[in-house]
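*Asks:* My file is start_26.txt. It has compact mmCIF, C-alpha atoms and all ligand atoms:
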# COMPACT_ATOMS: atom_id res chain seq x y z
CA THR A 174 -20.17 201.27 -8.29
CA ASP A 175 -21.26 199.64 -11.52
CA GLY A 176 -18.95 196.82 -12.44
CA ALA A 177 -17.33 196.51 -9.02
CA ALA A 178 -16.79 192.87 -8.16
CA SER A 179 -18.97 192.01 -5.19
CA GLY A 180 -17.86 189.33 -2.78
CA LYS A 181 -20.04 186.88 -4.70
CA ASP A 182 -18.45 187.77 -8.05
CA ARG A 183 -15.05 186.86 -6.69
CA LYS A 184 -16.03 183.22 -6.92
CA TYR A 185 -15.39 183.67 -10.66
CA LEU A 186 -12.19 185.66 -10.51
CA PRO A 187 -9.27 183.39 -11.34
CA ASP A 188 -6.05 184.84 -12.76
CA PHE A 189 -6.28 186.30 -16.25
CA GLY A 190 -4.58 183.23 -17.79
CA LEU A 191 -2.61 185.33 -20.26
CA SER A 192 -0.41 182.45 -21.39
CA SER A 193 -3.33 180.59 -22.95
CA ALA A 194 -5.90 181.84 -25.41
CA SER A 195 -9.36 182.92 -24.19
CA ALA A 196 -12.55 182.98 -26.29
CA ALA A 197 -13.21 186.63 -25.47
CA ARG A 198 -9.72 187.78 -26.46
CA VAL A 199 -9.44 185.58 -29.56
CA TYR A 200 -12.78 186.97 -30.77
CA ASP A 201 -11.48 190.47 -30.02
CA ALA A 202 -8.37 189.69 -32.08
CA LEU A 203 -10.51 188.41 -34.97
CA LEU A 204 -12.57 191.62 -34.81
CA GLY A 205 -9.38 193.68 -35.04
CA GLY A 206 -9.49 194.84 -31.39
CA LYS A 207 -6.55 195.62 -29.13
CA ASP A 208 -7.57 193.75 -25.96
CA ASN A 209 -5.66 190.56 -26.71
CA PHE A 210 -2.28 188.94 -26.17
CA GLU A 211 0.18 186.86 -28.14
CA ALA A 212 -1.49 183.55 -27.26
CA ASP A 213 -4.81 184.95 -28.50
CA ARG A 214 -3.36 186.31 -31.74
CA ASN A 215 -1.65 182.96 -32.37
CA ALA A 216 -4.97 181.20 -31.84
CA ALA A 217 -6.66 183.65 -34.23
CA GLU A 218 -4.05 182.76 -36.85
CA VAL A 219 -4.67 179.03 -36.40
CA ILE A 220 -8.40 179.64 -36.81
CA GLU A 221 -7.79 181.77 -39.91
CA ALA A 222 -5.61 178.95 -41.31
CA HIS A 223 -8.42 176.41 -40.82
CA LEU A 224 -11.10 178.75 -42.12
CA PRO A 225 -9.89 181.61 -44.33
CA HIS A 226 -11.81 184.85 -43.68
CA SER A 227 -12.65 183.87 -40.10
CA ARG A 228 -12.25 187.58 -39.34
CA GLU A 229 -15.12 188.31 -41.69
CA ALA A 230 -17.16 185.57 -40.02
CA ALA A 231 -16.56 187.25 -36.63
CA ALA A 232 -17.59 190.60 -38.09
CA LEU A 233 -20.76 189.03 -39.53
CA ASN A 234 -21.62 187.72 -36.07
CA ARG A 235 -21.12 191.12 -34.48
CA ALA A 236 -23.27 192.79 -37.16
CA ALA A 237 -26.00 190.19 -36.59
CA LEU A 238 -25.87 190.90 -32.85
CA ILE A 239 -26.55 194.57 -33.57
CA ARG A 240 -29.43 193.72 -35.96
CA GLY A 241 -31.00 191.44 -33.34
CA VAL A 242 -30.85 194.15 -30.68
CA GLN A 243 -32.29 196.69 -33.13
CA TYR A 244 -35.15 194.30 -33.93
CA MET A 245 -35.94 193.70 -30.27
CA ALA A 246 -35.83 197.43 -29.42
CA ARG A 247 -37.56 198.86 -32.50
CA VAL A 248 -40.06 196.16 -33.45
CA ALA A 249 -40.73 194.42 -30.14
CA GLY A 250 -40.22 197.50 -27.91
CA VAL A 251 -37.84 195.64 -25.57
CA ASP A 252 -35.91 198.13 -23.44
CA GLN A 253 -33.94 195.84 -21.10
CA PHE A 254 -31.39 193.24 -22.06
CA LEU A 255 -29.43 190.48 -20.35
CA ASP A 256 -26.39 189.85 -22.56
CA ILE A 257 -24.61 186.66 -21.45
CA GLY A 258 -21.21 185.91 -22.97
CA CYS A 259 -21.13 189.56 -23.99
CA GLY A 260 -17.40 189.58 -24.85
CA LEU A 261 -15.01 192.51 -24.56
CA PRO A 262 -16.34 195.97 -25.37
CA THR A 263 -15.85 196.69 -29.06
CA MET A 264 -16.78 199.35 -31.61
CA LYS A 265 -20.52 198.97 -31.21
CA ASN A 266 -22.06 197.17 -28.26
CA THR A 267 -25.52 196.00 -27.23
CA HIS A 268 -26.23 199.18 -25.23
CA ASP A 269 -25.06 201.43 -28.09
CA ALA A 270 -27.50 199.74 -30.47
CA ALA A 271 -30.40 199.64 -27.98
CA GLN A 272 -29.93 203.22 -26.75
CA GLU A 273 -29.88 204.62 -30.27
CA ILE A 274 -33.50 203.46 -30.46
CA ILE A 275 -34.61 203.69 -26.80
CA PRO A 276 -32.32 206.16 -24.99
CA GLY A 277 -33.03 204.79 -21.50
CA ALA A 278 -32.64 201.11 -22.48
CA ARG A 279 -30.81 199.06 -19.86
CA VAL A 280 -28.21 196.40 -20.50
CA MET A 281 -26.83 193.93 -17.99
CA TYR A 282 -23.62 192.42 -19.35
CA VAL A 283 -22.42 189.02 -18.13
CA ASP A 284 -19.27 187.12 -19.08
CA ASN A 285 -17.16 184.51 -17.33
CA ASP A 286 -13.89 186.08 -18.48
CA PRO A 287 -12.69 188.44 -15.72
CA MET A 288 -11.04 190.70 -18.29
CA VAL A 289 -14.49 191.58 -19.61
CA LEU A 290 -15.39 192.91 -16.17
CA SER A 291 -12.29 195.09 -15.89
CA HIS A 292 -12.67 196.51 -19.40
CA GLY A 293 -16.43 196.85 -19.03
CA ARG A 294 -15.95 198.78 -15.82
CA ALA A 295 -13.66 201.27 -17.52
CA LEU A 296 -16.05 201.69 -20.43
CA LEU A 297 -19.26 201.83 -18.44
CA ALA A 298 -18.15 203.67 -15.31
CA ASP A 299 -20.50 206.62 -15.85
CA ASN A 300 -23.35 204.77 -17.45
CA ARG A 301 -26.31 204.25 -15.12
CA THR A 302 -28.20 202.27 -17.72
CA THR A 303 -25.47 199.68 -18.24
CA THR A 304 -23.73 197.32 -15.86
CA VAL A 305 -21.48 194.27 -15.97
CA ILE A 306 -20.87 191.25 -13.73
CA THR A 307 -18.63 188.21 -13.98
CA ALA A 308 -20.68 185.03 -13.99
CA ASP A 309 -20.99 181.78 -15.89
CA LEU A 310 -23.88 180.82 -18.16
CA ARG A 311 -23.62 177.31 -16.70
CA ASP A 312 -24.75 178.70 -13.34
CA PRO A 313 -28.14 180.27 -14.16
CA LYS A 314 -29.20 180.22 -10.50
CA TYR A 315 -26.24 182.42 -9.62
CA ILE A 316 -27.10 184.86 -12.44
CA LEU A 317 -30.82 185.06 -11.61
CA GLY A 318 -30.12 185.29 -7.89
CA HIS A 319 -27.45 187.97 -8.22
CA PRO A 320 -28.59 191.08 -6.33
CA ARG A 321 -27.45 193.39 -9.13
CA VAL A 322 -29.48 191.46 -11.70
CA SER A 323 -32.72 191.69 -9.68
CA ALA A 324 -32.05 195.35 -8.86
CA PHE A 325 -31.26 196.27 -12.46
CA LEU A 326 -33.80 194.29 -14.50
CA ASP A 327 -37.60 194.38 -14.05
CA PHE A 328 -38.83 190.83 -14.59
CA ASP A 329 -42.45 192.07 -14.83
CA ARG A 330 -41.60 193.67 -18.17
CA PRO A 331 -40.14 191.97 -21.29
CA ILE A 332 -36.41 191.27 -21.30
CA GLY A 333 -34.22 190.41 -24.27
CA LEU A 334 -31.88 187.55 -23.37
CA LEU A 335 -28.81 187.46 -25.63
CA VAL A 336 -26.73 184.30 -25.84
CA VAL A 337 -24.85 185.32 -28.95
CA GLY A 338 -21.76 183.49 -30.18
CA MET A 339 -21.83 181.39 -27.03
CA MET A 340 -23.77 178.15 -27.18
CA MET A 341 -21.00 176.35 -29.12
CA HIS A 342 -18.79 176.77 -26.05
CA LEU A 343 -21.17 174.61 -23.98
CA HIS A 344 -20.92 170.84 -24.21
CA ASP A 345 -24.08 168.74 -24.39
CA SER A 346 -23.17 167.23 -21.02
CA GLU A 347 -23.62 170.72 -19.54
CA LYS A 348 -27.32 170.56 -20.53
CA PRO A 349 -27.44 173.82 -22.49
CA ASN A 350 -31.20 173.70 -23.14
CA GLU A 351 -32.04 173.30 -19.47
CA ILE A 352 -29.86 176.32 -18.73
CA LEU A 353 -31.67 178.46 -21.30
CA ALA A 354 -35.10 177.32 -20.10
CA GLU A 355 -34.15 178.13 -16.52
CA LEU A 356 -33.02 181.62 -17.50
CA MET A 357 -36.20 182.32 -19.48
CA ARG A 358 -38.56 180.88 -16.83
CA PRO A 359 -38.87 184.02 -14.65
CA MET A 360 -39.15 186.28 -17.70
CA CYS A 361 -42.64 187.51 -18.64
CA PRO A 362 -44.44 187.04 -21.99
CA GLY A 363 -43.01 189.33 -24.64
CA SER A 364 -39.46 188.47 -23.57
CA HIS A 365 -37.13 187.26 -26.31
CA LEU A 366 -34.29 184.74 -26.60
CA PHE A 367 -31.63 185.67 -29.18
CA ILE A 368 -29.02 183.07 -30.16
CA THR A 369 -26.29 182.88 -32.76
CA THR A 370 -24.41 179.59 -32.93
CA TRP A 371 -22.73 176.98 -35.12
CA PRO A 372 -24.99 174.62 -37.09
CA ASP A 373 -23.85 171.38 -38.67
CA THR A 374 -25.54 171.33 -42.05
CA GLY A 375 -22.69 169.35 -43.56
CA HIS A 376 -20.61 172.21 -44.95
CA PRO A 377 -16.83 171.60 -44.54
CA ALA A 378 -16.29 175.21 -43.38
CA GLN A 379 -18.40 174.49 -40.28
CA HIS A 380 -16.21 171.52 -39.37
CA ALA A 381 -13.02 173.48 -40.10
CA LEU A 382 -14.00 176.25 -37.67
CA SER A 383 -15.07 173.76 -35.01
CA ARG A 384 -11.76 171.84 -35.31
CA ALA A 385 -9.77 175.07 -35.05
CA CYS A 386 -11.55 176.23 -31.92
CA LEU A 387 -11.40 172.83 -30.24
CA GLU A 388 -7.65 172.86 -30.96
CA THR A 389 -7.00 176.39 -29.67
CA LEU A 390 -9.69 176.97 -27.03
CA GLY A 391 -10.82 173.47 -26.11
CA THR A 392 -14.46 174.33 -26.89
CA GLY A 393 -16.53 174.90 -30.05
CA TRP A 394 -19.01 172.15 -30.86
CA LEU A 395 -21.35 172.00 -33.84
CA ARG A 396 -25.02 171.06 -33.48
CA SER A 397 -27.50 169.70 -35.99
CA LEU A 398 -30.31 172.06 -36.98
CA ASP A 399 -32.75 170.10 -34.83
CA GLU A 400 -30.42 170.50 -31.86
CA VAL A 401 -30.12 174.24 -32.48
CA TYR A 402 -33.94 174.53 -32.66
CA ASP A 403 -34.08 172.73 -29.32
CA HIS A 404 -32.22 175.66 -27.71
CA PHE A 405 -35.51 177.58 -28.10
CA PHE A 406 -37.47 174.78 -26.35
CA GLY A 407 -40.62 175.18 -28.47
CA MET A 408 -40.91 178.97 -28.44
CA GLU A 409 -41.89 180.46 -31.79
CA LEU A 410 -39.11 182.09 -33.81
CA VAL A 411 -39.70 185.47 -35.39
CA PRO A 412 -39.17 185.69 -39.20
CA PRO A 413 -37.02 184.55 -40.89
CA GLY A 414 -36.60 181.85 -38.23
CA LEU A 415 -33.21 180.20 -37.90
CA GLU A 416 -31.01 181.47 -40.74
CA TYR A 417 -27.42 181.91 -41.86
CA LEU A 418 -26.24 185.31 -40.70
CA SER A 419 -26.04 186.78 -44.20
CA ARG A 420 -29.66 185.83 -44.78
CA TRP A 421 -30.91 186.91 -41.34
CA TYR A 422 -32.53 190.35 -41.33
CA PRO A 423 -35.36 190.19 -38.77
CA GLU A 424 -36.55 193.75 -39.50
CA ASP A 425 -36.77 193.02 -43.24
CA PRO A 426 -36.67 189.21 -43.69
CA ASP A 427 -37.15 189.31 -47.47
CA GLY A 428 -35.32 192.58 -48.04
CA PRO A 429 -32.56 193.42 -50.48
CA ASP A 430 -29.73 192.66 -48.03
CA VAL A 431 -30.57 188.93 -47.84
CA MET A 432 -27.66 187.20 -49.59
CA PRO A 433 -28.56 184.54 -52.18
CA PHE A 434 -26.95 181.14 -51.52
CA GLU A 435 -25.14 181.38 -54.88
CA GLU A 436 -23.05 184.22 -53.44
CA PHE A 437 -22.00 182.32 -50.31
CA GLU A 438 -18.28 181.92 -49.65
CA PRO A 439 -17.10 179.21 -47.21
CA TYR A 440 -17.02 181.70 -44.29
CA HIS A 441 -20.74 182.45 -44.71
CA TRP A 442 -21.74 178.90 -43.64
CA PRO A 443 -20.61 178.48 -40.02
CA LEU A 444 -23.04 180.75 -38.14
CA MET A 445 -26.81 181.00 -37.85
CA ALA A 446 -29.06 183.32 -35.87
CA GLY A 447 -32.55 183.11 -34.44
CA ILE A 448 -34.81 185.06 -32.10
CA ALA A 449 -37.78 183.50 -30.32
CA ARG A 450 -40.55 185.33 -28.49
CA LYS A 451 -41.99 184.00 -25.26
CA SER A 452 -45.77 184.06 -25.69
CA SER A 453 -47.03 182.74 -22.35
N1 LIG B 501 -21.61 187.86 -27.51
C1 LIG B 501 -20.48 188.53 -28.12
C2 LIG B 501 -20.69 188.59 -29.61
O1 LIG B 501 -21.36 187.68 -30.14
O2 LIG B 501 -20.23 189.51 -30.27
C3 LIG B 501 -19.17 187.83 -27.78
C4 LIG B 501 -19.06 186.41 -28.28
S1 LIG B 501 -17.50 185.64 -27.95
C5 LIG B 501 -17.34 184.63 -29.37
C6 LIG B 501 -17.92 184.43 -26.71
C7 LIG B 501 -17.94 185.01 -25.30
O3 LIG B 501 -18.57 184.08 -24.43
C8 LIG B 501 -16.56 185.28 -24.73
O4 LIG B 501 -16.50 186.60 -24.24
C9 LIG B 501 -16.42 184.27 -23.59
O5 LIG B 501 -15.64 184.76 -22.52
C10 LIG B 501 -17.86 184.07 -23.20
N2 LIG B 501 -18.14 182.78 -22.57
C11 LIG B 501 -17.73 181.53 -22.97
N3 LIG B 501 -18.22 180.60 -22.15
C12 LIG B 501 -18.95 181.27 -21.21
C13 LIG B 501 -19.72 180.83 -20.08
N4 LIG B 501 -19.81 179.54 -19.77
N5 LIG B 501 -20.34 181.78 -19.33
C14 LIG B 501 -20.25 183.10 -19.63
N6 LIG B 501 -19.54 183.55 -20.70
C15 LIG B 501 -18.90 182.65 -21.46
Would you mind writing the structure in this file as structure tokens?
Ligand code: SAM

*Replies:*
Amino acid sequence: TDGAASGKDRKYLPDFGLSSASAARVYDALLGGKDNFEADRNAAEVIEAHLPHSREAAALNRAALIRGVQYMARVAGVDQFLDIGCGLPTMKNTHDAAQEIIPGARVMYVDNDPMVLSHGRALLADNRTTTVITADLRDPKYILGHPRVSAFLDFDRPIGLLVVGMMMHLHDSEKPNEILAELMRPMCPGSHLFITTWPDTGHPAQHALSRACLETLGTGWLRSLDEVYDHFFGMELVPPGLEYLSRWYPEDPDGPDVMPFEEFEPYHWPLMAGIARKSS
């Protein structure tokens, strides 16, 4: 059945580690979800203490995720998605957004937190167009070689790869750009890479959030703008390019929702989004 852990998936099934905070559950706590434990709520409080309105920052990220999926489905006609580091199911998910536009759109969810698999299974049990596996972004060969991935996604047609709210959890020594290039390599022209992550443009709020996450989760590194651009390894970004979330509206890059910098609060600075299209 969809979501069942195959023998291969078990490689990634440690215990749930409830005594320490996990990125998926802390993010769920920040979004106001119920799939979290005391350690996660404590971590969310530490993060909120370092960066007031971190909950709003999490909500901005989730809203940007939905806008990116809507752009890929409506403007680029993408109807299959590989969502890595998908997080726990929440109010509106990638497949909800995609299927509102293209009813048969398919979404393969991937996360390395085993709780995502168990919750995803419950949510997606009857959904033939959506599936979930436990795997790690740092092992792209495993993801691409997974029998459910090749059975579910058609690599001869464009795929939208989502790595949203995730890249800051990878250290430079893990060669994040090589991982992304390897994942995009078998995808055909017209495929898209969608990233939201933490830039270092010198704003103290960015450093505050990074410090809080390093303290509570052990991961959460900032990258210079040049380093964030390098995640797209030369592919062209669709308008408005790499932007702060509150200024990133790919379906209407100059539209009325784009927030002027004068209105920015500290929590508007830590996250940027970008989507690149593979042209050849
Ligand atoms: N993508 C969702 C969003 O933006 O709304 C969730 C983002 S949440 C901040 C980060 C997610 O990445 C968590 O669910 C965490 O378990 C997952 N994650 C962190 N490191 C990962 C890795 N190496 N491989 C796969 N998933 C990972």

*Asks:* As number ranges by chain, please: every protein or nucleic acid residue near ligand LIG 501 (chain B) (cut-off 9 Å, counting all atoms listed in the file).

*Replies:* A: 195-201, 231-232, 234-239, 256-263, 266-267, 283-289, 307-312, 335-343, 368-369, 392

*Asks:* Can you tell me which residues surround Trp442 in chain A at a distance of at most 8 Å, considering all atoms listed in the file, apart from same-chain residues fewer than 5 positions away, and format the answer as a ChimeraX atom specification?

*Replies:* /A:376,378-379,417,437

*Asks:* I'd like to know which of A:Thr304, A:His380, A:Ala449, A:Trp394 is closest to Ser346 in chain A, using all atoms listed in the file.

*Replies:*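 Smallest separation from Ser346 in chain A among the options: A:Trp394.
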
*Asks:* In Å to one decimal, how far is CA of Val248 in chain A from CA of Ala324 in chain A?

*Replies:* 25.9 Å

*Asks:* Kindly give the distance, in Å, that separates CA of Glu424 in chain A and CA of Tyr244 in chain A, rounded to a single decimal.

*Replies:*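 CA of Tyr244 in chain A lies at a distance of 5.8 Å from CA of Glu424 in chain A.
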
*Asks:* Could you list as a PyMOL selection string every residue that has an atom within 6 Å of (-28.8, 184.5, -42.4), using the file's coordinates and counting all atoms listed in the file?

*Replies:* chain A and resi 416-421

*Asks:* Work out how far CA of Lys348 in chain A is from CA of Pro331 in chain A, in Å to one decimal.

*Replies:*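 These two atoms are separated by 25.0 Å.
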
*Asks:* Which of these, A:Glu438, A:Lys451, A:Ile306, A:Ser291, has the shortest distance to Arg358 in chain A once you count only C-alpha atoms?

*Replies:*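 For Arg358 in chain A, the nearest of the candidates is A:Lys451.
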
*Asks:* For each of A:Leu255, A:Ser192, A:Glu351, A:Ser364, take the minimum atom-to-atom distance to Arg321 in chain A, counting all atoms listed in the file, then give the residue where this is smallest.

*Replies:* A:Leu255

*Asks:* Starting from the point (-15.3, 183.5, -39.5), work out which residues of protein, DNA or RNA have an atom no more than 8 Å away when counting only C-alpha atoms; state them as a short mmCIF file (atom, residue, chain, number, x, y, z; two decimals) with C-alpha atoms, in the coordinates of the input.

*Replies:*
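What follows is the written file point_20.cif:
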data_model
loop_
_atom_site.label_atom_id
_atom_site.label_comp_id
_atom_site.auth_asym_id
_atom_site.auth_seq_id
_atom_site.Cartn_x
_atom_site.Cartn_y
_atom_site.Cartn_z
CA GLU A 221 -7.79 181.77 -39.91
CA LEU A 224 -11.10 178.75 -42.12
CA PRO A 225 -9.89 181.61 -44.33
CA HIS A 226 -11.81 184.85 -43.68
CA SER A 227 -12.65 183.87 -40.10
CA ARG A 228 -12.25 187.58 -39.34
CA GLU A 229 -15.12 188.31 -41.69
CA ALA A 230 -17.16 185.57 -40.02
CA ALA A 231 -16.56 187.25 -36.63
CA ALA A 232 -17.59 190.60 -38.09
CA LEU A 233 -20.76 189.03 -39.53
CA LEU A 382 -14.00 176.25 -37.67
CA TYR A 440 -17.02 181.70 -44.29
CA HIS A 441 -20.74 182.45 -44.71
CA PRO A 443 -20.61 178.48 -40.02
#

*Asks:* Identify which of the residues A:Val322, A:Met432, A:Val401, A:Val251 lies closest to Thr370 in chain A, counting all atoms listed in the file when measuring atom-to-atom distances.

*Replies:*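 Looking only at the distances to Thr370 in chain A, the closest residue turns out to be A:Val401.
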
*Asks:* Pick the closest to Cys386 in chain A from A:Leu356, A:Trp371, A:Phe434, A:Gln253: which is it, counting only C-alpha atoms?

*Replies:*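 For Cys386 in chain A, the nearest of the given residues is A:Trp371.
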